[in-house]
>>> print(open('model33.csv').read())   # CSV, C-alpha atoms
chain,number,residue,atom,x,y,z
O,1,MET,CA,114.9,95.5,128.1
O,2,ASN,CA,117.5,92.9,127.2
O,3,SER,CA,121.0,94.0,126.3
O,4,PRO,CA,122.6,91.4,124.1
O,5,PHE,CA,126.4,91.0,124.7
O,6,GLY,CA,126.3,94.0,127.1
O,7,GLN,CA,125.7,96.6,124.3
O,8,THR,CA,124.6,100.1,124.9
O,9,ARG,CA,124.6,103.5,123.2
O,10,THR,CA,125.5,105.2,126.5
O,11,ARG,CA,128.9,106.9,126.5
O,12,ILE,CA,130.6,108.5,129.4
O,13,ALA,CA,133.6,110.8,128.8
O,14,LEU,CA,135.4,113.2,131.0
O,15,ARG,CA,133.6,116.4,129.8
O,16,HIS,CA,130.5,115.0,128.2
O,17,ALA,CA,128.0,112.1,128.4
O,18,LEU,CA,125.3,110.5,126.3
O,19,ILE,CA,122.9,108.5,128.4
O,20,ALA,CA,120.5,106.2,126.5
O,21,PRO,CA,117.2,105.0,128.0
O,22,ASP,CA,118.4,101.3,127.9
O,23,GLY,CA,120.6,101.9,131.0
O,24,HIS,CA,118.2,103.8,133.2
O,25,VAL,CA,118.1,102.7,136.9
O,26,LYS,CA,115.4,103.9,139.2
O,27,SER,CA,116.1,105.8,142.5
O,28,ARG,CA,114.0,106.7,145.5
O,29,LEU,CA,113.7,110.4,146.2
O,30,PRO,CA,112.5,112.1,149.4
O,31,GLY,CA,109.0,113.5,148.9
O,32,VAL,CA,108.3,111.5,145.7
O,33,ALA,CA,105.7,108.7,146.0
O,34,LYS,CA,104.2,106.2,143.5
O,35,ALA,CA,106.7,107.3,140.8
O,36,ALA,CA,109.9,106.1,139.2
O,37,ALA,CA,112.7,108.6,139.4
O,38,VAL,CA,115.9,108.4,137.3
O,39,ILE,CA,118.8,110.7,138.3
O,40,LEU,CA,120.4,111.3,134.9
O,41,ILE,CA,123.0,114.1,135.7
O,42,ASN,CA,124.2,115.5,139.0
O,43,GLU,CA,127.3,116.4,141.0
O,44,ALA,CA,128.5,112.8,141.0
O,45,ARG,CA,128.9,113.2,137.2
O,46,GLY,CA,130.8,116.4,137.8
O,47,ALA,CA,127.9,118.7,136.9
O,48,ARG,CA,126.9,121.8,138.8
O,49,PHE,CA,123.2,121.0,138.4
O,50,ALA,CA,120.9,117.9,138.6
O,51,GLN,CA,118.7,116.5,135.8
O,52,THR,CA,116.0,114.1,136.9
O,53,MET,CA,113.2,112.3,135.1
O,54,ILE,CA,110.1,111.3,137.1
O,55,THR,CA,107.5,109.0,135.7
O,56,PHE,CA,104.3,108.9,137.7
O,57,GLU,CA,101.8,106.1,138.5
O,58,ALA,CA,98.2,107.0,139.1
O,59,GLY,CA,97.9,108.7,142.5
O,60,GLY,CA,101.6,109.6,142.6
O,61,HIS,CA,102.9,112.9,143.8
O,62,ALA,CA,106.1,114.9,144.4
O,63,GLU,CA,106.4,117.4,147.2
O,64,PHE,CA,109.5,119.6,147.6
O,65,PRO,CA,110.1,122.1,150.5
O,66,ALA,CA,111.3,125.6,150.3
O,67,ASN,CA,115.1,125.7,150.3
O,68,GLU,CA,118.0,127.1,148.4
O,69,ILE,CA,117.3,124.9,145.4
O,70,GLU,CA,115.5,126.3,142.3
O,71,THR,CA,113.7,124.0,139.8
O,72,ALA,CA,112.8,124.3,136.1
O,73,GLY,CA,110.5,121.5,135.0
O,74,TYR,CA,109.0,120.3,131.7
O,75,ILE,CA,106.0,117.9,131.3
O,76,GLU,CA,107.0,115.5,128.5
O,77,THR,CA,103.9,113.3,128.5
O,78,GLY,CA,100.6,113.0,130.3
O,79,SER,CA,99.3,115.7,132.7
O,80,VAL,CA,99.9,116.8,136.3
O,81,VAL,CA,98.8,119.6,138.6
O,82,VAL,CA,101.7,122.0,139.4
O,83,THR,CA,101.5,124.1,142.6
O,84,ILE,CA,104.1,126.7,143.5
O,85,GLU,CA,103.1,128.5,146.7
O,86,ALA,CA,99.9,130.3,145.7
O,87,GLN,CA,100.0,129.4,142.0
O,88,LYS,CA,98.2,126.2,140.9
O,89,LYS,CA,97.6,124.9,137.4
O,90,LYS,CA,97.0,121.6,135.6
O,91,CYS,CA,99.6,121.2,132.8
O,92,ALA,CA,99.6,118.8,129.9
O,93,ALA,CA,102.5,117.7,127.7
O,94,GLY,CA,104.5,120.7,126.7
O,95,GLY,CA,103.7,122.5,130.0
O,96,PHE,CA,106.6,123.9,132.0
O,97,PHE,CA,107.2,125.6,135.3
O,98,PHE,CA,109.9,127.4,137.3
O,99,ALA,CA,109.9,127.1,141.1
O,100,PRO,CA,112.3,129.7,142.6
O,101,ALA,CA,114.5,129.0,145.6
O,102,GLY,CA,112.7,129.7,148.8
O,103,GLN,CA,109.3,128.5,147.6
O,104,ALA,CA,107.7,125.1,148.2
O,105,TRP,CA,106.2,123.3,145.2
O,106,SER,CA,104.5,120.1,144.3
O,107,LEU,CA,103.3,117.9,141.4
O,108,THR,CA,100.0,116.1,142.1
O,109,ALA,CA,97.0,114.3,140.5
O,110,PRO,CA,99.1,112.9,137.6
O,111,ARG,CA,97.7,110.8,134.8
O,112,ALA,CA,99.3,107.4,134.8
O,113,GLY,CA,102.5,107.5,132.8
O,114,THR,CA,103.1,111.2,133.1
O,115,ARG,CA,106.8,111.9,132.6
O,116,VAL,CA,108.4,115.1,133.9
O,117,THR,CA,112.0,116.3,133.5
O,118,LEU,CA,113.5,118.5,136.3
O,119,PHE,CA,116.6,120.7,136.2
O,120,GLN,CA,117.7,121.8,139.6
O,121,LYS,CA,120.5,123.9,141.0
O,122,ARG,CA,121.4,126.2,143.9
O,123,PHE,CA,120.3,129.7,143.2
O,124,VAL,CA,123.1,132.3,142.8
O,125,PRO,CA,121.7,135.8,143.6
O,126,LEU,CA,122.9,138.8,141.7
O,127,ALA,CA,123.1,142.2,143.5
O,128,GLY,CA,120.5,144.6,142.2
O,129,ALA,CA,118.7,142.1,140.0
O,130,GLY,CA,116.1,140.9,142.5
O,131,ALA,CA,114.7,137.4,142.8
O,132,PRO,CA,113.0,135.5,139.9
O,133,GLY,CA,109.3,134.8,140.3
O,134,ALA,CA,107.4,131.6,139.9
O,135,ILE,CA,106.2,130.6,136.4
O,136,ILE,CA,103.7,128.0,135.1
O,137,GLY,CA,103.3,128.0,131.4
O,138,ASP,CA,102.8,126.1,128.1
O,139,ALA,CA,105.5,125.8,125.4
O,140,SER,CA,102.7,125.9,122.7
O,141,ALA,CA,102.1,129.5,123.6
O,142,ILE,CA,105.7,130.5,122.9
O,143,THR,CA,106.6,131.3,119.3
O,144,GLY,CA,109.8,129.7,118.1
O,145,GLN,CA,112.3,132.3,116.8
O,146,ALA,CA,114.6,131.6,113.8
O,147,PHE,CA,118.0,130.9,115.3
O,148,LEU,CA,120.6,133.2,113.8
O,149,GLY,CA,118.2,133.9,111.0
O,150,ASP,CA,117.6,130.2,110.0
O,151,PRO,CA,113.8,129.5,109.8
O,152,ASP,CA,114.5,125.7,109.8
O,153,ALA,CA,116.1,125.9,113.3
O,154,ARG,CA,113.7,127.5,115.8
O,155,LEU,CA,114.3,128.3,119.5
O,156,GLN,CA,111.6,128.6,122.1
O,157,VAL,CA,112.8,130.5,125.2
O,158,LEU,CA,110.7,129.2,128.0
O,159,LEU,CA,112.0,131.3,130.9
O,160,PRO,CA,112.5,135.1,130.9
O,161,ASP,CA,115.9,136.3,129.6
O,162,GLU,CA,116.4,138.6,132.6
O,163,PRO,CA,119.4,139.1,135.0
O,164,ALA,CA,117.3,137.8,137.9
O,165,PHE,CA,117.4,134.3,136.4
O,166,ASP,CA,120.6,132.3,136.6
O,167,LEU,CA,119.4,129.4,134.5
O,168,ALA,CA,117.6,129.0,131.1
O,169,MET,CA,115.4,126.3,129.8
O,170,ASN,CA,114.7,126.2,126.0
O,171,VAL,CA,113.2,124.0,123.3
O,172,PHE,CA,115.1,123.8,120.0
O,173,THR,CA,113.3,122.4,116.9
O,174,TYR,CA,115.1,121.5,113.6
O,175,GLN,CA,113.6,120.6,110.3
O,176,PRO,CA,115.3,117.6,108.6
O,177,GLY,CA,118.8,118.6,107.5
O,178,ALA,CA,119.0,121.7,109.6
O,179,THR,CA,122.0,122.2,111.9
O,180,LEU,CA,123.5,124.4,114.5
O,181,PRO,CA,125.3,127.0,112.3
O,182,LEU,CA,128.6,126.6,114.2
O,183,VAL,CA,130.5,124.3,116.5
O,184,GLU,CA,129.6,126.1,119.8
O,185,THR,CA,132.3,126.3,122.5
O,186,HIS,CA,131.2,128.3,125.6
O,187,VAL,CA,131.3,128.7,129.3
O,188,MET,CA,127.7,127.5,129.8
O,189,GLU,CA,127.0,124.0,131.0
O,190,HIS,CA,124.2,122.0,129.4
O,191,GLY,CA,121.7,119.2,130.3
O,192,LEU,CA,119.7,118.1,127.3
O,193,LEU,CA,116.8,115.7,126.6
O,194,MET,CA,115.9,114.6,123.1
O,195,LEU,CA,112.1,115.1,122.7
O,196,ALA,CA,111.4,114.0,119.2
O,197,GLY,CA,113.1,112.9,116.0
O,198,GLN,CA,116.7,112.0,115.5
O,199,GLY,CA,120.0,113.4,114.6
O,200,VAL,CA,123.8,113.4,115.2
O,201,TYR,CA,125.4,115.3,118.0
O,202,ARG,CA,129.0,116.2,118.0
O,203,LEU,CA,130.5,116.4,121.5
O,204,GLU,CA,134.2,117.3,121.5
O,205,ASP,CA,135.8,115.0,118.9
O,206,ALA,CA,133.0,112.3,118.9
O,207,TRP,CA,129.9,112.1,116.8
O,208,TYR,CA,126.8,110.3,118.3
O,209,PRO,CA,123.5,109.3,116.7
O,210,VAL,CA,120.8,110.4,119.0
O,211,THR,CA,117.0,109.9,119.2
O,212,ALA,CA,114.0,110.7,121.4
O,213,GLY,CA,114.6,109.8,125.1
O,214,ASP,CA,118.4,110.3,124.9
O,215,VAL,CA,120.0,112.6,127.5
O,216,ILE,CA,123.3,114.6,127.0
O,217,TRP,CA,125.5,116.4,129.5
O,218,MET,CA,128.0,119.0,128.2
O,219,ALA,CA,130.6,120.5,130.5
O,220,PRO,CA,131.7,124.1,130.1
O,221,TYR,CA,133.8,124.6,126.9
O,222,CYS,CA,132.7,121.2,125.5
O,223,PRO,CA,132.6,121.8,121.7
O,224,GLN,CA,129.1,120.9,120.5
O,225,TRP,CA,127.2,120.7,117.2
O,226,PHE,CA,123.9,119.1,116.0
O,227,VAL,CA,122.3,118.0,112.7
O,228,ALA,CA,118.7,116.7,112.4
O,229,ILE,CA,118.4,113.6,110.2
O,230,GLY,CA,115.4,111.5,109.0
O,231,LYS,CA,112.1,112.6,107.6
O,232,LYS,CA,110.6,114.3,110.7
O,233,PRO,CA,111.6,117.4,112.7
O,234,ALA,CA,114.0,116.8,115.6
O,235,SER,CA,113.6,118.7,118.9
O,236,TYR,CA,115.3,118.8,122.3
O,237,LEU,CA,114.8,120.4,125.6
O,238,TYR,CA,117.9,121.9,127.2
O,239,TYR,CA,119.2,123.7,130.4
O,240,LYS,CA,122.1,126.1,130.7
O,241,ASP,CA,123.4,128.4,133.4
O,242,VAL,CA,123.3,132.1,132.5
O,243,ASN,CA,123.8,135.6,133.7
O,244,ARG,CA,126.5,134.9,136.2
O,245,ALA,CA,130.3,135.0,136.1
O,246,ALA,CA,132.5,133.0,138.5
O,247,MET,CA,135.7,134.8,139.4
>>> encode(input="model33.csv", output="structure tokens")
Amino acid sequence: MNSPFGQTRTRIALRHALIAPDGHVKSRLPGVAKAAAVILINEARGARFAQTMITFEAGGHAEFPANEIETAGYIETGSVVVTIEAQKKKCAAGGFFFAPAGQAWSLTAPRAGTRVTLFQKRFVPLAGAGAPGAIIGDASAITGQAFLGDPDARLQVLLPDEPAFDLAMNVFTYQPGATLPLVETHVMEHGLLMLAGQGVYRLEDAWYPVTAGDVIWMAPYCPQWFVAIGKKPASYLYYKDVNRAAM
């Protein structure tokens, strides 16, 4: 993709970032073959998690060993076989999974062009809460709930809202004109992928037009707000850290 006069919608600030697809640069990752990986957010950005997009060729695969890293993944396009220890399932677009720390997992037999977003972090155990279990699911089976009573802004909670989990992965869908009801300011950190539609995202004191394929990083306490615009619903996938307090 050409960039006339060095133009881009990407913006990098101290406590937030908008990363547009026009600036993606591929990386090689250990265990990932016949696939293009783009590291969108990680510790180099100042984040406490990593957000990576992997686009597979036919015959590609990704194999990750058991270690202290946990992974939440979402299949954006195509299809792939997800294996987490003894669990194995073919997932199409809208499929998702959670691989706990201490369990090996893999993505195999992808259809060419399959695109997967991964959110990864070091697991923080909580005394008395136990360890979270592996999950392979489909977002289409999860009913979106009206957010704070607004039926035009619906939230699908993909992972269990339980103390054992120290991260959440959700899909938020807005009808045209729907908004977040307040400018949120909170301790949770976010990684976000626009899945469909378009809108305007407020990050601190800047307003950014966003569309499908855009990625956003929000540091803790970054003021944030969204409105969906256009004629079609807007939706995004997002990560946040939950259920832990750093002292």
>>> atom_distance(input="model33.csv", atom1="CA of Pro4 in chain O", atom2="CA of Val25 in chain O")
17.7 Å
>>> closest_residue(input="model33.csv", among="O:Gly59, O:Pro223, O:Gly6, O:Gly197", to="Gly113 in chain O", atoms="all atoms listed in the file")
O:Gly59
>>> closest_residue(input="model33.csv", among="O:Ser79, O:Ser235, O:Gln51, O:Ser106", to="Met194 in chain O", atoms="all atoms listed in the file")
O:Ser235
>>> closest_residue(input="model33.csv", among="O:Phe119, O:Tyr201, O:Trp225, O:Tyr238", to="Leu155 in chain O", atoms="only C-alpha atoms")
O:Tyr238
>>> closest_atom_pairs(input="model33.csv", of="range 183-234 of chain O", to="range 173-177 of chain O", cutoff="12 Å", atoms="all atoms listed in the file", output="tab-separated table")
residue	atom	partner	partner_atom	distance
O:Met194	CA	O:Thr173	CA	10.3
O:Leu195	CA	O:Thr173	CA	9.4
O:Ala196	CA	O:Thr173	CA	8.9
O:Gly197	CA	O:Pro176	CA	9.0
O:Gln198	CA	O:Pro176	CA	9.0
O:Gly199	CA	O:Pro176	CA	8.7
O:Val200	CA	O:Gly177	CA	10.6
O:Phe226	CA	O:Tyr174	CA	9.4
O:Val227	CA	O:Gly177	CA	6.3
O:Ala228	CA	O:Pro176	CA	5.2
O:Ile229	CA	O:Pro176	CA	5.3
O:Gly230	CA	O:Pro176	CA	6.1
O:Lys231	CA	O:Pro176	CA	6.0
O:Lys232	CA	O:Pro176	CA	6.1
O:Pro233	CA	O:Gln175	CA	4.5
O:Ala234	CA	O:Tyr174	CA	5.2
>>> closest_residue(input="model33.csv", among="O:Glu189, O:Glu63, O:Asp214, O:Glu70", to="Pro21 in chain O", atoms="only C-alpha atoms")
O:Asp214
>>> closest_residue(input="model33.csv", among="O:Ala44, O:Leu118, O:Leu167, O:Leu182", to="Leu148 in chain O", atoms="all atoms listed in the file")
O:Leu182
>>> closest_residue(input="model33.csv", among="O:Gln7, O:Gln87, O:Thr108, O:Gln120", to="Phe49 in chain O", atoms="all atoms listed in the file")
O:Gln120
>>> atom_distance(input="model33.csv", atom1="CA of Leu159 in chain O", atom2="CA of Phe147 in chain O")
16.7 Å
>>> atom_distance(input="model33.csv", atom1="CA of Ala104 in chain O", atom2="CA of Ala36 in chain O")
21.1 Å
>>> residues_around(input="model33.csv", residues="His186 in chain O", least_positions_apart="5", cutoff="8 Å", atoms="only C-alpha atoms", output="ChimeraX atom specification")
/O:220-223
>>> residues_around(input="model33.csv", residues="Ala146 in chain O", least_positions_apart="6", cutoff="10 Å", atoms="all atoms listed in the file", output="PyMOL selection string")
chain O and resi 152-156+172-173
>>> residues_near_point(input="model33.csv", point="(118.2, 105.8, 126.9)", cutoff="9 Å", atoms="only C-alpha atoms", output="number ranges by chain")
O: 8-10, 18-24, 211-215
